[in-house]
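What follows is one structure encoded as structure tokens, with my remarks underneath.
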Amino acid sequence: MLIGEVSKEYGIRVETLRYYDRIGLLTVERRKSNRHYTERDIKKLQNIMAMKEMMFTLEDIKKLLEIDERIDRGLENRTINKDDINTLLEGVKLKHLEILEKEKQLKKVKNHLEKIIGKIESLQRGK
């Protein structure tokens with residue numbers, strides 16, 4: 001697929017795809033001046049998109065994908081680096097804890113907003 005096709009298919013701006021290429025997050029084959037996305041590139045892009053939804057930073061995504069690729073190669077060669085597995089697990093656990101903390105914060109904000117809405121609605125009713 002060409003960059004424009006990927007952009008339309010996945011709802012990602014062309015500039016974003018170029019940026020991912022520039023920073024080495026998703027480097028793709030170039031033929032002449034066109035970027036060509038393989039099935040493997042698309043799978044990696046889908047992983048990036050999923051990790052962004054999980055609120056990982058691009059820097060974290062890049063690190064985790066590099067580790068994941070090393071683990072995949074290790075599975076093929078039967079030489080998995082235990083440090084890579086531990087690093088990957090710790091990164092995911094850390095993000096999980098961050099999300100739990102943000103969830104607590106959002107619940108507090110939600111409760112506060114509900115109280116404000118209740119007060120405003122009671123004023124509207126003339127109470």
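Residues in the structure tokens are named by chain (A, B, ... in the order shown) and by number from 1 within that chain; ligands are numbered from 1 in the order shown.
DSSP, applied to the backbone of this structure, assigns strand (DSSP E or B) to the following residues of chain A: Leu2, Glu29, Arg30, Arg31, Asn34, Arg35 and His36 of chain A.
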Take the residues that were just selected and, keeping C-alpha atoms, output them as a tab-separated table (two decimals), in the first residue's frame.
```
chain	number	residue	atom	x	y	z
A	2	LEU	CA	1.08	3.56	-0.60
A	29	GLU	CA	10.54	0.62	2.06
A	30	ARG	CA	10.86	3.41	-0.46
A	31	ARG	CA	10.64	2.96	-4.18
A	34	ASN	CA	7.04	6.62	-2.63
A	35	ARG	CA	6.69	4.83	0.68
A	36	HIS	CA	5.41	1.27	0.29
```
Write out as a PDB file with C-alpha atoms, in the first residue's frame the residues lying within 7 Å of Leu25 in chain A, counting only C-alpha atoms and excluding same-chain residues fewer than 4 positions away.
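Now in around34.pdb:
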```pdb
ATOM      1  CA  TYR A  20       6.812   7.901  12.296  1.00  0.00           C
ATOM      2  CA  ASP A  21       9.208   7.094   9.451  1.00  0.00           C
ATOM      3  CA  LYS A  62       9.442   2.552  20.016  1.00  0.00           C
TER       4      LYS A  62
END
```
Work out how far CA of Leu58 in chain A is from CA of Ile80 in chain A, in Å to one decimal.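 These atoms are spaced 24.8 Å apart.
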Let's see if you can do this: from backbone DSSP, list all helix (DSSP H, G or I) residues in chain A, as a ChimeraX atom specification. /A:3-10,14-22,39-53,58-77,82-124
Residues near range 99-113 of chain A, anyone? I mean within 12 Å using only C-alpha atoms, not counting same-chain ones fewer than 6 positions away, as a PyMOL selection string. chain A and resi 53-56+92-93+119-120
Contacts of Tyr37 in chain A at 10 Å (only C-alpha atoms; same-chain gap of 4+ positions) as a CSV table (one decimal) with N, CA and C atoms, in the first residue's frame:
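As a result, out-v2.csv now contains:
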```
chain,number,residue,atom,x,y,z
A,1,MET,N,0.8,-1.2,0.0
A,1,MET,CA,0.0,0.0,0.0
A,1,MET,C,0.9,1.2,0.0
A,2,LEU,N,0.4,2.3,-0.6
A,2,LEU,CA,1.1,3.6,-0.6
A,2,LEU,C,0.6,4.4,0.6
A,3,ILE,N,1.3,5.4,0.9
A,3,ILE,CA,1.1,6.2,2.1
A,3,ILE,C,-0.3,6.8,2.1
A,5,GLU,N,-3.0,5.6,0.7
A,5,GLU,CA,-3.9,4.5,1.0
A,5,GLU,C,-4.0,4.1,2.4
A,6,VAL,N,-2.8,4.0,3.0
A,6,VAL,CA,-2.7,3.7,4.5
A,6,VAL,C,-3.4,4.8,5.3
A,26,LEU,N,8.3,3.7,12.5
A,26,LEU,CA,7.8,2.8,11.5
A,26,LEU,C,8.5,3.1,10.1
A,27,THR,N,9.6,2.6,10.0
A,27,THR,CA,10.4,2.8,8.7
A,27,THR,C,9.9,1.8,7.7
A,28,VAL,N,9.6,2.4,6.5
A,28,VAL,CA,9.1,1.5,5.4
A,28,VAL,C,9.9,1.6,4.2
A,29,GLU,N,9.8,0.7,3.3
A,29,GLU,CA,10.5,0.6,2.1
A,29,GLU,C,10.1,1.8,1.2
A,30,ARG,N,11.1,2.3,0.5
A,30,ARG,CA,10.9,3.4,-0.5
A,30,ARG,C,11.2,2.9,-1.8
A,41,ASP,N,4.5,-4.0,7.9
A,41,ASP,CA,4.4,-2.6,8.3
A,41,ASP,C,3.0,-2.2,8.8
A,42,ILE,N,2.0,-2.8,8.2
A,42,ILE,CA,0.6,-2.5,8.6
A,42,ILE,C,0.4,-3.1,10.0
A,43,LYS,N,0.8,-4.3,10.2
A,43,LYS,CA,0.7,-4.9,11.5
A,43,LYS,C,1.4,-4.1,12.6
A,45,LEU,N,2.0,-0.9,12.4
A,45,LEU,CA,1.2,0.4,12.5
A,45,LEU,C,0.0,0.1,13.4
```
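Among the candidates A:Glu66, A:Glu59, A:Asp72, A:Glu9, the one nearest to Thr87 in chain A when counting only C-alpha atoms is A:Glu66.
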